[in-house]
Structures are given as C-alpha cells and as structure tokens.
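What's in input_14.pdb: PDB, C-alpha atoms, pLDDT in the B column
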ATOM      1  CA  VAL A1074     -21.239  -6.144  -7.443  1.00 43.00           C
ATOM      2  CA  SER A1075     -22.917  -7.468  -4.327  1.00 48.00           C
ATOM      3  CA  ALA A1076     -24.388  -5.737  -1.304  1.00 51.00           C
ATOM      4  CA  SER A1077     -25.327  -6.688   2.242  1.00 55.00           C
ATOM      5  CA  VAL A1078     -27.175  -4.788   4.974  1.00 53.00           C
ATOM      6  CA  ASP A1079     -26.269  -4.913   8.668  1.00 62.00           C
ATOM      7  CA  PRO A1080     -29.676  -5.267  10.420  1.00 63.00           C
ATOM      8  CA  ASN A1081     -28.358  -3.581  13.592  1.00 68.00           C
ATOM      9  CA  THR A1082     -27.072  -0.405  11.937  1.00 67.00           C
ATOM     10  CA  ALA A1083     -28.791  -0.357   8.523  1.00 65.00           C
ATOM     11  CA  LYS A1084     -25.347   0.234   7.002  1.00 73.00           C
ATOM     12  CA  VAL A1085     -24.934  -1.164   3.525  1.00 71.00           C
ATOM     13  CA  THR A1086     -21.751  -2.935   2.479  1.00 78.00           C
ATOM     14  CA  GLN A1087     -21.116  -2.728  -1.256  1.00 79.00           C
ATOM     15  CA  MET A1088     -18.644  -5.265  -2.703  1.00 81.00           C
ATOM     16  CA  LEU A1089     -16.961  -3.670  -5.725  1.00 83.00           C
ATOM     17  CA  VAL A1090     -14.310  -6.242  -6.627  1.00 85.00           C
ATOM     18  CA  ASN A1091     -15.180  -9.922  -6.324  1.00 81.00           C
ATOM     19  CA  ALA A1092     -12.073 -11.497  -7.858  1.00 81.00           C
ATOM     20  CA  PRO A1093      -8.343 -10.913  -7.368  1.00 81.00           C
ATOM     21  CA  GLN A1094      -6.657  -8.403  -9.674  1.00 83.00           C
ATOM     22  CA  VAL A1095      -2.967  -7.820 -10.293  1.00 84.00           C
ATOM     23  CA  ILE A1096      -2.187  -4.097 -10.203  1.00 85.00           C
ATOM     24  CA  ASP A1097       1.077  -2.666 -11.541  1.00 84.00           C
ATOM     25  CA  LEU A1098       1.704   0.252  -9.181  1.00 82.00           C
ATOM     26  CA  ALA A1099       4.622   1.402 -11.323  1.00 81.00           C
ATOM     27  CA  ALA A1100       2.408   2.047 -14.359  1.00 80.00           C
ATOM     28  CA  GLY A1101       2.844   5.621 -15.535  1.00 74.00           C
ATOM     29  CA  ASP A1102       5.135   8.266 -14.105  1.00 80.00           C
ATOM     30  CA  ALA A1103       5.042  10.500 -11.028  1.00 77.00           C
ATOM     31  CA  ASP A1104       2.287  12.632 -12.602  1.00 85.00           C
ATOM     32  CA  ALA A1105       0.106   9.719 -13.779  1.00 85.00           C
ATOM     33  CA  GLU A1106      -3.552   9.591 -12.844  1.00 86.00           C
ATOM     34  CA  PRO A1107      -4.548   7.059 -10.167  1.00 84.00           C
ATOM     35  CA  ILE A1108      -4.988   3.518 -11.479  1.00 87.00           C
ATOM     36  CA  ALA A1109      -8.672   2.604 -11.831  1.00 86.00           C
ATOM     37  CA  VAL A1110      -9.310  -0.815 -10.308  1.00 87.00           C
ATOM     38  CA  THR A1111     -13.021  -1.015 -11.119  1.00 88.00           C
ATOM     39  CA  THR A1112     -15.999   1.053 -12.218  1.00 89.00           C
ATOM     40  CA  GLN A1113     -19.420  -0.008 -10.950  1.00 87.00           C
ATOM     41  CA  SER A1114     -23.015   1.203 -10.884  1.00 88.00           C
ATOM     42  CA  VAL A1115     -24.112   1.443  -7.253  1.00 87.00           C
ATOM     43  CA  PRO A1116     -26.948   3.170  -5.406  1.00 87.00           C
ATOM     44  CA  ALA A1117     -26.554   6.848  -4.503  1.00 88.00           C
ATOM     45  CA  GLY A1118     -25.185   7.421  -1.023  1.00 86.00           C
ATOM     46  CA  ARG A1119     -22.216   8.302   1.134  1.00 86.00           C
ATOM     47  CA  TYR A1120     -19.464   5.725   0.786  1.00 84.00           C
ATOM     48  CA  ASN A1121     -17.237   6.592   3.728  1.00 82.00           C
ATOM     49  CA  ALA A1122     -15.245   3.438   4.367  1.00 85.00           C
ATOM     50  CA  LEU A1123     -13.071   1.203   2.259  1.00 88.00           C
ATOM     51  CA  ALA A1124     -11.489  -2.181   2.878  1.00 89.00           C
ATOM     52  CA  TRP A1125      -9.226  -4.227   0.652  1.00 88.00           C
ATOM     53  CA  SER A1126      -6.895  -7.181   0.737  1.00 89.00           C
ATOM     54  CA  ILE A1127      -3.494  -7.617  -0.838  1.00 89.00           C
ATOM     55  CA  ALA A1128      -2.570 -11.229  -1.520  1.00 87.00           C
ATOM     56  CA  PRO A1129       0.123 -13.035  -3.512  1.00 86.00           C
ATOM     57  CA  ASP A1130      -0.236 -13.183  -7.291  1.00 80.00           C
ATOM     58  CA  LYS A1131      -0.512 -16.927  -7.889  1.00 78.00           C
ATOM     59  CA  THR A1132       0.517 -16.467 -11.549  1.00 79.00           C
ATOM     60  CA  ALA A1133       3.830 -14.761 -10.719  1.00 76.00           C
ATOM     61  CA  GLY A1134       5.581 -17.889  -9.487  1.00 77.00           C
ATOM     62  CA  ASN A1135       6.319 -16.536  -6.008  1.00 79.00           C
ATOM     63  CA  ASP A1136       4.461 -15.927  -2.771  1.00 84.00           C
ATOM     64  CA  TYR A1137       4.746 -12.127  -2.791  1.00 89.00           C
ATOM     65  CA  SER A1138       1.751  -9.930  -2.170  1.00 89.00           C
ATOM     66  CA  ILE A1139       3.835  -6.857  -3.066  1.00 90.00           C
ATOM     67  CA  GLN A1140       7.035  -6.967  -5.095  1.00 90.00           C
ATOM     68  CA  LEU A1141       9.230  -3.865  -5.173  1.00 92.00           C
ATOM     69  CA  VAL A1142      11.778  -3.863  -7.993  1.00 92.00           C
ATOM     70  CA  GLY A1143      14.010  -0.883  -8.592  1.00 92.00           C
ATOM     71  CA  THR A1144      17.289   0.918  -8.244  1.00 94.00           C
ATOM     72  CA  ALA A1145      18.584   2.744  -5.178  1.00 94.00           C
ATOM     73  CA  THR A1146      21.457   5.202  -5.564  1.00 93.00           C
ATOM     74  CA  LYS A1147      23.390   7.037  -2.885  1.00 90.00           C
ATOM     75  CA  ASP A1148      26.652   8.851  -3.507  1.00 91.00           C
ATOM     76  CA  ASP A1149      28.584   6.623  -5.939  1.00 93.00           C
ATOM     77  CA  ARG A1150      26.801   3.319  -5.139  1.00 94.00           C
ATOM     78  CA  THR A1151      23.822   1.955  -7.071  1.00 97.00           C
ATOM     79  CA  ILE A1152      21.955  -1.152  -5.926  1.00 97.00           C
ATOM     80  CA  GLN A1153      19.464  -3.099  -8.021  1.00 98.00           C
ATOM     81  CA  PHE A1154      16.843  -4.436  -5.642  1.00 96.00           C
ATOM     82  CA  ASP A1155      13.997  -6.931  -5.715  1.00 95.00           C
ATOM     83  CA  LEU A1156      12.127  -6.911  -2.413  1.00 94.00           C
ATOM     84  CA  GLY A1157       9.186  -9.268  -1.915  1.00 93.00           C
ATOM     85  CA  LEU A1158       6.594  -8.700   0.795  1.00 90.00           C
ATOM     86  CA  ASP A1159       5.047 -12.078   1.371  1.00 80.00           C
ATOM     87  CA  PRO A1160       2.206 -11.922   3.888  1.00 76.00           C
ATOM     88  CA  ASN A1161      -1.432 -11.300   3.032  1.00 85.00           C
ATOM     89  CA  PHE A1162      -2.657  -7.877   4.071  1.00 87.00           C
ATOM     90  CA  ARG A1163      -6.158  -6.611   4.805  1.00 90.00           C
ATOM     91  CA  TYR A1164      -6.637  -2.897   5.304  1.00 91.00           C
ATOM     92  CA  THR A1165      -9.811  -1.350   6.708  1.00 91.00           C
ATOM     93  CA  CYS A1166     -10.150   2.405   6.301  1.00 90.00           C
ATOM     94  CA  GLY A1167     -12.513   5.217   7.200  1.00 87.00           C
ATOM     95  CA  GLU A1168     -12.974   8.652   5.651  1.00 86.00           C
ATOM     96  CA  PHE A1169     -10.776   9.779   2.767  1.00 88.00           C
ATOM     97  CA  ILE A1170      -8.481  12.615   3.864  1.00 89.00           C
ATOM     98  CA  GLY A1171      -7.201  14.813   1.067  1.00 90.00           C
ATOM     99  CA  ASP A1172      -7.712  17.970  -0.960  1.00 89.00           C
ATOM    100  CA  SER A1173     -11.254  16.994  -1.959  1.00 87.00           C
ATOM    101  CA  ARG A1174     -14.055  14.883  -0.489  1.00 85.00           C
ATOM    102  CA  LYS A1175     -14.566  11.439  -1.956  1.00 88.00           C
ATOM    103  CA  GLY A1176     -17.309   8.850  -1.734  1.00 86.00           C
ATOM    104  CA  PHE A1177     -20.351  11.138  -2.008  1.00 88.00           C
ATOM    105  CA  LEU A1178     -22.534   9.748  -4.800  1.00 88.00           C
ATOM    106  CA  ASP A1179     -25.580  11.756  -5.866  1.00 92.00           C
ATOM    107  CA  PRO A1180     -28.303  10.138  -8.007  1.00 93.00           C
ATOM    108  CA  ASP A1181     -27.305   9.882 -11.687  1.00 93.00           C
ATOM    109  CA  GLN A1182     -23.794  11.156 -10.945  1.00 93.00           C
ATOM    110  CA  SER A1183     -20.383   9.588 -10.491  1.00 91.00           C
ATOM    111  CA  ALA A1184     -18.017   9.536  -7.547  1.00 89.00           C
ATOM    112  CA  ASP A1185     -14.775   7.838  -6.679  1.00 89.00           C
ATOM    113  CA  LEU A1186     -12.982   6.234  -3.774  1.00 88.00           C
ATOM    114  CA  GLU A1187      -9.219   6.145  -3.563  1.00 88.00           C
ATOM    115  CA  MET A1188      -6.875   3.789  -1.785  1.00 89.00           C
ATOM    116  CA  THR A1189      -3.202   4.656  -1.594  1.00 88.00           C
ATOM    117  CA  LEU A1190      -0.062   2.832  -0.537  1.00 90.00           C
ATOM    118  CA  HIS A1191       2.531   5.052   1.143  1.00 92.00           C
ATOM    119  CA  PHE A1192       5.913   3.488   0.407  1.00 92.00           C
ATOM    120  CA  ASP A1193       7.573   6.552   1.924  1.00 93.00           C
ATOM    121  CA  HIS A1194       6.691   4.957   5.270  1.00 92.00           C
ATOM    122  CA  ILE A1195       9.298   2.301   4.399  1.00 94.00           C
ATOM    123  CA  PHE A1196      11.909   4.259   2.460  1.00 94.00           C
ATOM    124  CA  GLY A1197      11.392   7.855   3.608  1.00 94.00           C
ATOM    125  CA  ASP A1198      11.111  10.886   1.357  1.00 93.00           C
ATOM    126  CA  GLY A1199      14.257  12.298  -0.239  1.00 90.00           C
ATOM    127  CA  GLU A1200      12.511  15.627  -0.843  1.00 93.00           C
ATOM    128  CA  ALA A1201      11.712  16.093   2.862  1.00 95.00           C
ATOM    129  CA  PRO A1202      14.311  17.261   5.398  1.00 96.00           C
ATOM    130  CA  ALA A1203      16.319  14.438   7.006  1.00 93.00           C
ATOM    131  CA  ASP A1204      14.849  15.283  10.425  1.00 96.00           C
ATOM    132  CA  ASP A1205      11.251  15.215   9.132  1.00 95.00           C
ATOM    133  CA  GLU A1206       9.076  12.538  10.768  1.00 93.00           C
ATOM    134  CA  ILE A1207       8.566  10.798   7.396  1.00 93.00           C
ATOM    135  CA  ASN A1208      12.325  10.142   7.366  1.00 93.00           C
ATOM    136  CA  THR A1209      13.069   9.638  11.060  1.00 94.00           C
ATOM    137  CA  GLY A1210      10.228   7.099  11.320  1.00 92.00           C
ATOM    138  CA  ALA A1211      11.125   5.218   8.128  1.00 95.00           C
ATOM    139  CA  LEU A1212      13.501   2.290   7.720  1.00 95.00           C
ATOM    140  CA  GLY A1213      15.213   3.986   4.794  1.00 94.00           C
ATOM    141  CA  PHE A1214      17.404   2.019   2.408  1.00 94.00           C
ATOM    142  CA  GLU A1215      20.637   1.925   4.455  1.00 94.00           C
ATOM    143  CA  PRO A1216      19.765  -1.265   6.419  1.00 96.00           C
ATOM    144  CA  LEU A1217      18.752  -2.947   3.157  1.00 96.00           C
ATOM    145  CA  ALA A1218      21.887  -1.763   1.335  1.00 95.00           C
ATOM    146  CA  ALA A1219      23.973  -3.371   4.081  1.00 95.00           C
ATOM    147  CA  LEU A1220      22.436  -6.735   3.100  1.00 96.00           C
ATOM    148  CA  ALA A1221      23.190  -6.377  -0.619  1.00 96.00           C
ATOM    149  CA  GLU A1222      25.585  -8.792  -2.262  1.00 96.00           C
ATOM    150  CA  GLY A1223      27.723  -6.490  -4.362  1.00 94.00           C
ATOM    151  CA  ASP A1224      25.298  -4.142  -6.042  1.00 96.00           C
ATOM    152  CA  THR A1225      22.294  -6.489  -5.909  1.00 97.00           C
ATOM    153  CA  LEU A1226      19.690  -7.105  -3.228  1.00 97.00           C
ATOM    154  CA  THR A1227      17.148  -9.868  -3.719  1.00 96.00           C
ATOM    155  CA  THR A1228      15.242 -10.666  -0.559  1.00 96.00           C
ATOM    156  CA  ASN A1229      11.831 -10.994   1.023  1.00 93.00           C
ATOM    157  CA  LEU A1230      10.115 -10.110   4.252  1.00 91.00           C
ATOM    158  CA  THR A1231      10.682 -13.545   5.770  1.00 91.00           C
ATOM    159  CA  THR A1232      14.445 -13.313   5.212  1.00 94.00           C
ATOM    160  CA  LEU A1233      14.543  -9.697   6.402  1.00 95.00           C
ATOM    161  CA  GLY A1234      12.890 -10.857   9.618  1.00 92.00           C
ATOM    162  CA  THR A1235      16.043 -12.838  10.409  1.00 95.00           C
ATOM    163  CA  THR A1236      18.709 -10.547   8.910  1.00 96.00           C
ATOM    164  CA  LEU A1237      17.664  -7.065  10.040  1.00 96.00           C
ATOM    165  CA  SER A1238      18.415  -5.908  13.557  1.00 96.00           C
ATOM    166  CA  PRO A1239      15.450  -6.230  15.946  1.00 96.00           C
ATOM    167  CA  GLU A1240      15.084  -2.428  15.898  1.00 96.00           C
ATOM    168  CA  ASP A1241      15.069  -2.237  12.086  1.00 97.00           C
ATOM    169  CA  LYS A1242      12.671  -5.186  11.873  1.00 95.00           C
ATOM    170  CA  ALA A1243      10.249  -3.363  14.208  1.00 95.00           C
ATOM    171  CA  VAL A1244      10.495  -0.179  12.103  1.00 95.00           C
ATOM    172  CA  LEU A1245       9.821  -2.167   8.904  1.00 94.00           C
ATOM    173  CA  GLU A1246       6.831  -3.956  10.443  1.00 92.00           C
ATOM    174  CA  LYS A1247       5.378  -0.617  11.573  1.00 92.00           C
ATOM    175  CA  ALA A1248       5.971   0.854   8.101  1.00 92.00           C
ATOM    176  CA  ILE A1249       4.178  -2.045   6.414  1.00 90.00           C
ATOM    177  CA  ALA A1250       1.265  -1.657   8.816  1.00 89.00           C
ATOM    178  CA  GLY A1251       1.158   2.005   7.737  1.00 89.00           C
ATOM    179  CA  LEU A1252       1.249   1.374   3.966  1.00 91.00           C
ATOM    180  CA  GLY A1253      -2.520   1.381   3.473  1.00 91.00           C
ATOM    181  CA  HIS A1254      -4.218   4.775   3.288  1.00 92.00           C
ATOM    182  CA  VAL A1255      -7.233   6.524   1.859  1.00 91.00           C
ATOM    183  CA  GLY A1256      -5.515   9.704   0.704  1.00 89.00           C
ATOM    184  CA  GLU A1257      -3.698  10.781   3.860  1.00 90.00           C
ATOM    185  CA  GLY A1258      -6.125   8.880   6.104  1.00 91.00           C
ATOM    186  CA  HIS A1259      -4.548   5.899   7.837  1.00 90.00           C
ATOM    187  CA  CYS A1260      -6.023   2.405   7.661  1.00 92.00           C
ATOM    188  CA  ALA A1261      -5.986  -0.438  10.155  1.00 92.00           C
ATOM    189  CA  LEU A1262      -4.025  -3.532   9.127  1.00 88.00           C
ATOM    190  CA  THR A1263      -4.885  -7.120   9.886  1.00 80.00           C
ATOM    191  CA  GLU A1264      -2.797  -9.947   8.408  1.00 68.00           C
ATOM    192  CA  SER A1265      -4.957 -12.629   6.830  1.00 55.00           C
TER     193      SER A1265
END

For this file, write the structure as structure tokens.
Amino acid sequence: VSASVDPNTAKVTQMLVNAPQVIDLAAGDADAEPIAVTTQSVPAGRYNALAWSIAPDKTAGNDYSIQLVGTATKDDRTIQFDLGLDPNFRYTCGEFIGDSRKGFLDPDQSADLEMTLHFDHIFGDGEAPADDEINTGALGFEPLAALAEGDTLTTNLTTLGTTLSPEDKAVLEKAIAGLGHVGEGHCALTES
C-alpha cells in the first residue's frame, strides 16, 4: 500500500494493488459473491474514486487483456467461442452507484469498493426486452456468429477490427469503452 497527497487539493491517493493480478471473472456462479482482489489497512476516510488497469497476462501465452471463452446458443445452433480483447485498458471512475453506499471508512471499521465489468454492453441481456437500450445499443452475438467457422469462433479484437462492418466495429468499440463500472456508475476509459 502506498499513498500520495496532491498539494493543490489535499486529496489523498491510496494505491491498493501494486503488482498485476490475474482474475478469473468466471469463478463461481451467477449468485457468487464479488471476487476480492485485495484487502488493505488504510486510514479512515471517504474513498470516492477508483481507477484500475487491465493488461495482458504475460503468463497466458497471448496478448489478451480479457479473454472471453464460452458457448453461445440460438435456436438450433451452438457456437464455441474464444474472444480475446488485446489492448490495455485504464478505467477511471467516480462514485459507486448501487443499492448501498461504498467507500465510507470509519475508524476501526471496514469498507469496500467495487469495480464491475458490464459484458452486457457487448452481448446484450437476454432477460431484457429486445427493444431495451441494453440490447439495442449492444453488438450482440449475431455479427460474431457470422464470422464463425462451422460452430467455432476464435478471434481477437485486432481481427474483428478488419472483419466486422464499420458500424459493428463502432458499436463494439463503444461497448468496450463502457465495460468498466463502479456498480452502475460509468467509468472513463483511456487505452494505455
């Protein structure tokens, strides 16, 4: 844990994770508790902003910062997919938006911060109506299914940049920019 103080604003920046960590976002089921990345002792205060980077796992043997592996099924077709997102991402976020407040740490108490990745911005939400904004603004899986060879799709963001239509590429880029959240609060994306 390291901290720095901005002399112009007296705001304290608290570094909670100093080394890269590989996080398996598929650990657990739909009802699993959030994955704890770190637990630290820090001074009491209001922690109302969060920033993090997502970078390739150098031990995985590829250049993917996020690797989505799964199965997509529609009607009578099932596609096994392996989709690699290869750029570095840095998200900077403000207040947590959700059912409860987060980041308020009283002396001798505990508090938590939560970062979330909203993959429904890419794929949509099958439980929401088709005309819901989460679905109309998402790429969905149809453009990806069209690129599958048989019932398999293995691709990455670089390849998708040349194989998707310009419209679908723009939707995907916007969805990736919108992945990072704090609860329902949106984060700003900068590529490293």

- Task: Write out as a PyMOL selection string each polymer residue whose atoms come within 7 Å of region 1238-1253 of chain A, counting all atoms listed in the file; drop sequence neighbours fewer than 6 positions from it.
- Result: chain A and resi 1164+1189-1192+1194-1195+1211-1212+1259-1260+1262

- For Gly1258 (chain A), work out the shell of residues within 10 Å, counting all atoms listed in the file and skipping chain neighbours fewer than 5 positions away, then give it as a ChimeraX atom specification. /A:1166-1171,1188-1189,1253

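Using the PyMOL selection byres ((chain A and resi 1096-1098) around 8) on the file at hand returns these residues: Gln1094, Val1095, Ala1099, Ala1100, Ile1108 and Val1110 of chain A.
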
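In this model, the gap between CA of Leu1186 (chain A) and CA of Asp1159 (chain A) comes to 26.2 Å.
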
- Task: Apply the PyMOL selection byres ((chain A and resi 1218-1226) around 6) to the structure shown and report the selected residues as a ChimeraX atom specification.
- Result: /A:1152-1154,1214-1217,1227

- Query: Pick from A:Thr1151, A:Thr1232, A:Thr1165, A:Ser1138: nearest to Asn1121 (chain A), with only C-alpha atoms counted?
  - Reply: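 Going through A:Thr1151, A:Thr1232, A:Thr1165, A:Ser1138 one by one, the smallest distance to Asn1121 (chain A) is for A:Thr1165.
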
Selected by the PyMOL selection byres ((chain A and resi 1089) around 10) in the shown coordinates: which residues, as a compact mmCIF listing (two decimals) with C-alpha atoms, keeping the file's coordinate frame?
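The result, stored in expr-v9.txt:
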# COMPACT_ATOMS: atom_id res chain seq x y z
CA VAL A 1074 -21.24 -6.14 -7.44
CA SER A 1075 -22.92 -7.47 -4.33
CA ALA A 1076 -24.39 -5.74 -1.30
CA THR A 1086 -21.75 -2.94 2.48
CA GLN A 1087 -21.12 -2.73 -1.26
CA MET A 1088 -18.64 -5.26 -2.70
CA VAL A 1090 -14.31 -6.24 -6.63
CA ASN A 1091 -15.18 -9.92 -6.32
CA ALA A 1092 -12.07 -11.50 -7.86
CA VAL A 1110 -9.31 -0.82 -10.31
CA THR A 1111 -13.02 -1.01 -11.12
CA THR A 1112 -16.00 1.05 -12.22
CA GLN A 1113 -19.42 -0.01 -10.95
CA SER A 1114 -23.02 1.20 -10.88
CA VAL A 1115 -24.11 1.44 -7.25

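Separating CA of Asp1102 (chain A) from CA of Asn1229 (chain A) is a distance of 25.4 Å.
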
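Using all atoms listed in the file for every distance, the candidate list A:Asp1104, A:Asp1179, A:Pro1093, A:Thr1236 yields A:Pro1093 as the residue closest to Lys1131 (chain A).
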
- Point-to-point distance in Å for CA of Glu1200 (chain A) and CA of Asp1185 (chain A):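 CA of Glu1200 (chain A) lies at a distance of 29.0 Å from CA of Asp1185 (chain A).
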
- Item | Residue nearest Phe1177 (chain A) among A:Pro1202, A:Gly1118, A:Gly1234, A:Gly1157 (counting all atoms listed in the file) |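 Using all atoms listed in the file, Phe1177 (chain A) sits closest to A:Gly1118.
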